[in-house]
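> One structure is given below, represented as structure tokens, and several questions about it will come after.
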Amino acid sequence: MKQKTLSSDVIDYLFDRYQEKDLKDSLTVHIVSDGPVDVDRFRAAFQNYLDAQHKALKKERNKNIVKQAWMFGIGIVFIAIGIYSADRLSAVAGEIISTIGAFSMWGAASIWIVENPRNRLSRKWLDILSKTKIKCSIAA
């Protein structure tokens, strides 16, 4: 059975070219070779790569959801502790507890504001890449 993966050089080349494109552009890979190319094998390898990337992004999204929930929950707990025990703690201890809560909340917000949109954009790119047309020709 022939291998159905793309080399990292091919992947890097394709993504360098794709970064120059707009998300609305239709994409075509035109392979020019000295000899015959098994287009179906290339197409299968390309699809395997896209499927693996989709799976990795879904795993990252799920991990982000869990991280976000934990950090948000920890932030709420520490802020609540800071508020309810403000009169029993020294000013420094109260500020430390509130700061821990605020940093936890900021971490959750950072995932929501930065990482999740980046993940969605990557998934959108993969959806566009999955519609790529593949052409082959033999060099003259």
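Letters for chains follow the order of the structure tokens (A, B, ...), residue numbers begin at 1 for each chain, and ligand numbers begin at 1 in the order shown.
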From the DSSP assignment of the backbone, select every residue of segment 16-138 of chain A that is strand (DSSP E or B), and format the answer as a ChimeraX atom specification.
/A:28-33,133-138
> Skip Gly94 of chain A itself and residues of its chain fewer than 4 positions away, then list as number ranges by chain all residues within 9 Å of it, counting only C-alpha atoms.
A: 81-83, 85-90, 98-99
> Put those residues in a file: all heavy atoms, as a tab-separated table (two decimals), in the first residue's frame.

chain	number	residue	atom	x	y	z
A	81	ILE	N	-14.06	35.01	47.36
A	81	ILE	CA	-13.34	34.90	48.64
A	81	ILE	C	-12.78	36.27	49.03
A	81	ILE	O	-12.86	36.68	50.19
A	81	ILE	CB	-12.21	33.85	48.54
A	81	ILE	CG1	-12.80	32.44	48.47
A	81	ILE	CG2	-11.26	33.96	49.74
A	81	ILE	CD1	-11.78	31.37	48.14
A	82	GLY	N	-12.23	36.98	48.07
A	82	GLY	CA	-11.69	38.31	48.34
A	82	GLY	C	-12.75	39.28	48.84
A	82	GLY	O	-12.51	40.06	49.76
A	83	ILE	N	-13.92	39.23	48.22
A	83	ILE	CA	-15.00	40.14	48.61
A	83	ILE	C	-15.54	39.78	50.00
A	83	ILE	O	-15.71	40.65	50.86
A	83	ILE	CB	-16.14	40.11	47.56
A	83	ILE	CG1	-15.66	40.78	46.27
A	83	ILE	CG2	-17.40	40.79	48.10
A	83	ILE	CD1	-16.60	40.59	45.09
A	85	SER	N	-14.21	38.03	52.42
A	85	SER	CA	-13.27	38.04	53.56
A	85	SER	C	-12.44	39.32	53.62
A	85	SER	O	-11.43	39.37	54.31
A	85	SER	CB	-12.36	36.81	53.49
A	85	SER	OG	-11.61	36.83	52.31
A	86	ALA	N	-12.88	40.35	52.91
A	86	ALA	CA	-12.12	41.60	52.87
A	86	ALA	C	-11.95	42.21	54.26
A	86	ALA	O	-10.87	42.74	54.57
A	86	ALA	CB	-12.80	42.59	51.94
A	87	ASP	N	-12.96	42.13	55.10
A	87	ASP	CA	-12.85	42.75	56.43
A	87	ASP	C	-12.08	41.86	57.41
A	87	ASP	O	-11.65	42.33	58.46
A	87	ASP	CB	-14.25	43.07	56.99
A	87	ASP	CG	-15.14	41.84	57.09
A	87	ASP	OD1	-14.88	40.85	56.37
A	87	ASP	OD2	-16.11	41.91	57.87
A	88	ARG	N	-11.84	40.61	57.07
A	88	ARG	CA	-11.10	39.70	57.95
A	88	ARG	C	-9.64	39.56	57.57
A	88	ARG	O	-8.85	39.03	58.35
A	88	ARG	CB	-11.75	38.32	57.91
A	88	ARG	CG	-13.16	38.32	58.48
A	88	ARG	CD	-13.74	36.92	58.45
A	88	ARG	NE	-15.19	37.03	58.44
A	88	ARG	CZ	-15.96	36.67	57.42
A	88	ARG	NH1	-15.46	36.12	56.36
A	88	ARG	NH2	-17.26	36.84	57.50
A	89	LEU	N	-9.28	39.98	56.38
A	89	LEU	CA	-7.90	39.83	55.90
A	89	LEU	C	-7.19	41.18	55.88
A	89	LEU	O	-7.82	42.23	55.82
A	89	LEU	CB	-7.90	39.25	54.48
A	89	LEU	CG	-8.46	37.85	54.28
A	89	LEU	CD1	-8.51	37.54	52.79
A	89	LEU	CD2	-7.62	36.82	55.00
A	90	SER	N	-5.87	41.10	55.85
A	90	SER	CA	-5.11	42.34	55.68
A	90	SER	C	-5.32	42.84	54.25
A	90	SER	O	-5.74	42.08	53.38
A	90	SER	CB	-3.62	42.09	55.94
A	90	SER	OG	-3.08	41.27	54.92
A	98	SER	N	-7.72	38.83	45.29
A	98	SER	CA	-8.45	39.47	44.18
A	98	SER	C	-7.65	39.45	42.89
A	98	SER	O	-8.21	39.25	41.81
A	98	SER	CB	-8.80	40.91	44.54
A	98	SER	OG	-9.75	40.95	45.57
A	99	THR	N	-6.35	39.64	42.99
A	99	THR	CA	-5.49	39.62	41.80
A	99	THR	C	-5.46	38.23	41.17
A	99	THR	O	-5.52	38.11	39.94
A	99	THR	CB	-4.07	40.09	42.15
A	99	THR	OG1	-4.15	41.41	42.70
A	99	THR	CG2	-3.16	40.09	40.94
> Please, which residues of chain A, numbered as in this document, come out alpha helix (DSSP H) from DSSP, as an MDAnalysis selection string?
chainID A and resid 8:18 39:84 91:110 116:129
> Mind pulling up the distance from atom CA of Val92 of chain A to atom CA of Phe72 of chain A?
22.8 Å
> Fewer than 3 positions away in the same chain doesn't count, so skip those; otherwise give me all residues within 9 Å of Lys67 of chain A, counting only C-alpha atoms, as number ranges by chain.
A: 62-64, 70-72, 107-108, 111
> Could you tell me how far atom CA of Lys133 of chain A sits from atom CA of Arg120 of chain A, in Å to one decimal place?
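Going from atom CA of Arg120 of chain A over to atom CA of Lys133 of chain A, I get 22.8 Å.
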> What's around Gly35 of chain A at 10 Å? Count only C-alpha atoms, leave out sequence neighbours fewer than 3 positions away in its own chain, and write the answer as a list in words.
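Answer for this query is Val32, Asp38, Ser137, Ile138 and Ala139 of chain A.
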> How would the residues just picked look written out with all heavy atoms as a compact mmCIF listing (two decimals), in the first residue's frame?

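See out_38.txt below for the written result:
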# COMPACT_ATOMS: atom_id res chain seq x y z
N VAL A 32 3.06 20.27 -11.91
CA VAL A 32 3.78 20.09 -13.17
C VAL A 32 4.94 19.16 -12.87
O VAL A 32 5.77 19.45 -12.00
CB VAL A 32 4.28 21.44 -13.72
CG1 VAL A 32 5.04 21.23 -15.03
CG2 VAL A 32 3.12 22.40 -13.92
N ASP A 38 0.25 10.40 -9.79
CA ASP A 38 -0.98 9.74 -9.35
C ASP A 38 -1.83 10.79 -8.63
O ASP A 38 -1.67 11.03 -7.43
CB ASP A 38 -0.63 8.57 -8.42
CG ASP A 38 -1.83 7.75 -8.05
OD1 ASP A 38 -2.97 8.20 -8.28
OD2 ASP A 38 -1.64 6.64 -7.50
N SER A 137 -0.08 18.20 -14.99
CA SER A 137 0.39 18.21 -16.38
C SER A 137 1.86 17.80 -16.39
O SER A 137 2.56 17.92 -15.38
CB SER A 137 0.20 19.60 -17.01
OG SER A 137 0.90 20.58 -16.31
N ILE A 138 2.30 17.31 -17.51
CA ILE A 138 3.69 16.87 -17.66
C ILE A 138 4.46 18.02 -18.31
O ILE A 138 4.02 18.62 -19.29
CB ILE A 138 3.76 15.58 -18.50
CG1 ILE A 138 3.05 14.47 -17.74
CG2 ILE A 138 5.20 15.22 -18.81
CD1 ILE A 138 3.01 13.15 -18.46
N ALA A 139 5.63 18.31 -17.71
CA ALA A 139 6.46 19.42 -18.21
C ALA A 139 6.93 19.11 -19.62
O ALA A 139 7.24 17.97 -19.97
CB ALA A 139 7.65 19.63 -17.29
> Can you work out which one of A:Ser122, A:Val29, A:Ala56, A:Ala91 has the shortest atom-to-atom distance to Arg43 of chain A, counting only C-alpha atoms?
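Among the listed residues, the smallest separation from Arg43 of chain A belongs to A:Val29.
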> List the spatial neighbours of Ala109 of chain A as a PyMOL selection string - criterion: any atom at most 10 Å away, only C-alpha atoms, same-chain residues fewer than 5 positions off excluded.
chain A and resi 68+71-72+103-104+114-115
> Go ahead and write the residues just picked, N, CA, C and O atoms, as a compact mmCIF listing (two decimals), in the first residue's frame.

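Final output, saved to part_34.txt:
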# COMPACT_ATOMS: atom_id res chain seq x y z
N GLN A 68 -11.16 27.29 29.69
CA GLN A 68 -11.93 28.51 29.92
C GLN A 68 -12.85 28.35 31.13
O GLN A 68 -12.92 29.24 31.99
N MET A 71 -10.73 28.24 34.40
CA MET A 71 -10.16 29.54 34.75
C MET A 71 -11.25 30.51 35.19
O MET A 71 -11.05 31.28 36.14
N PHE A 72 -12.39 30.48 34.53
CA PHE A 72 -13.50 31.35 34.91
C PHE A 72 -13.99 30.98 36.31
O PHE A 72 -14.20 31.85 37.15
N PHE A 103 -6.64 37.60 37.40
CA PHE A 103 -5.79 36.96 36.39
C PHE A 103 -6.45 35.71 35.82
O PHE A 103 -6.34 35.43 34.62
N SER A 104 -7.14 34.96 36.65
CA SER A 104 -7.85 33.78 36.16
C SER A 104 -8.95 34.18 35.19
O SER A 104 -9.12 33.55 34.14
N VAL A 114 -9.00 35.65 21.95
CA VAL A 114 -7.85 35.45 21.05
C VAL A 114 -7.82 34.05 20.44
O VAL A 114 -7.80 33.89 19.21
N GLU A 115 -7.81 33.03 21.28
CA GLU A 115 -7.60 31.67 20.79
C GLU A 115 -8.79 31.10 20.02
O GLU A 115 -8.62 30.48 18.98
> Env of Asp25 of chain A: 12 Å cut, atoms = only C-alpha atoms, seq-sep filter 3 positions within chain, self excluded. Answer as number ranges by chain.
A: 18-22, 28, 125, 128-129, 131-133
> Of the candidates A:Asp16, A:Tyr49, A:Arg41, A:Ser8, which shows the shortest atom-to-atom distance to Leu126 of chain A, using only C-alpha atoms?
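When distances to Leu126 of chain A are compared using only C-alpha atoms, the smallest one comes from A:Tyr49.
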> Pick out the closest residue to Pro117 of chain A from this set: A:Leu57, A:Ile97, A:Cys136, A:Ala69. Count only C-alpha atoms.
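The shortest atom-to-atom distance to Pro117 of chain A comes from A:Leu57.
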> Between atom CA of Asn119 of chain A and atom CA of Ile74 of chain A, what is the distance in Å, rounded to a tenth?
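Straight-line distance from atom CA of Asn119 of chain A to atom CA of Ile74 of chain A works out to 24.0 Å.
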> Lys4 of chain A: which residues within 8 Å, counting only C-alpha atoms, same-chain residues fewer than 3 positions away excluded, as a list in words?
Arg41, Phe42, Ala44, Ala45 and Asn48 of chain A
> Which of these, A:Ala93, A:Ile113, A:Ile134, A:Ile11, has the shortest distance to Gln53 of chain A once you count only C-alpha atoms?
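Of the candidates, the smallest distance to Gln53 of chain A is held by A:Ile11.
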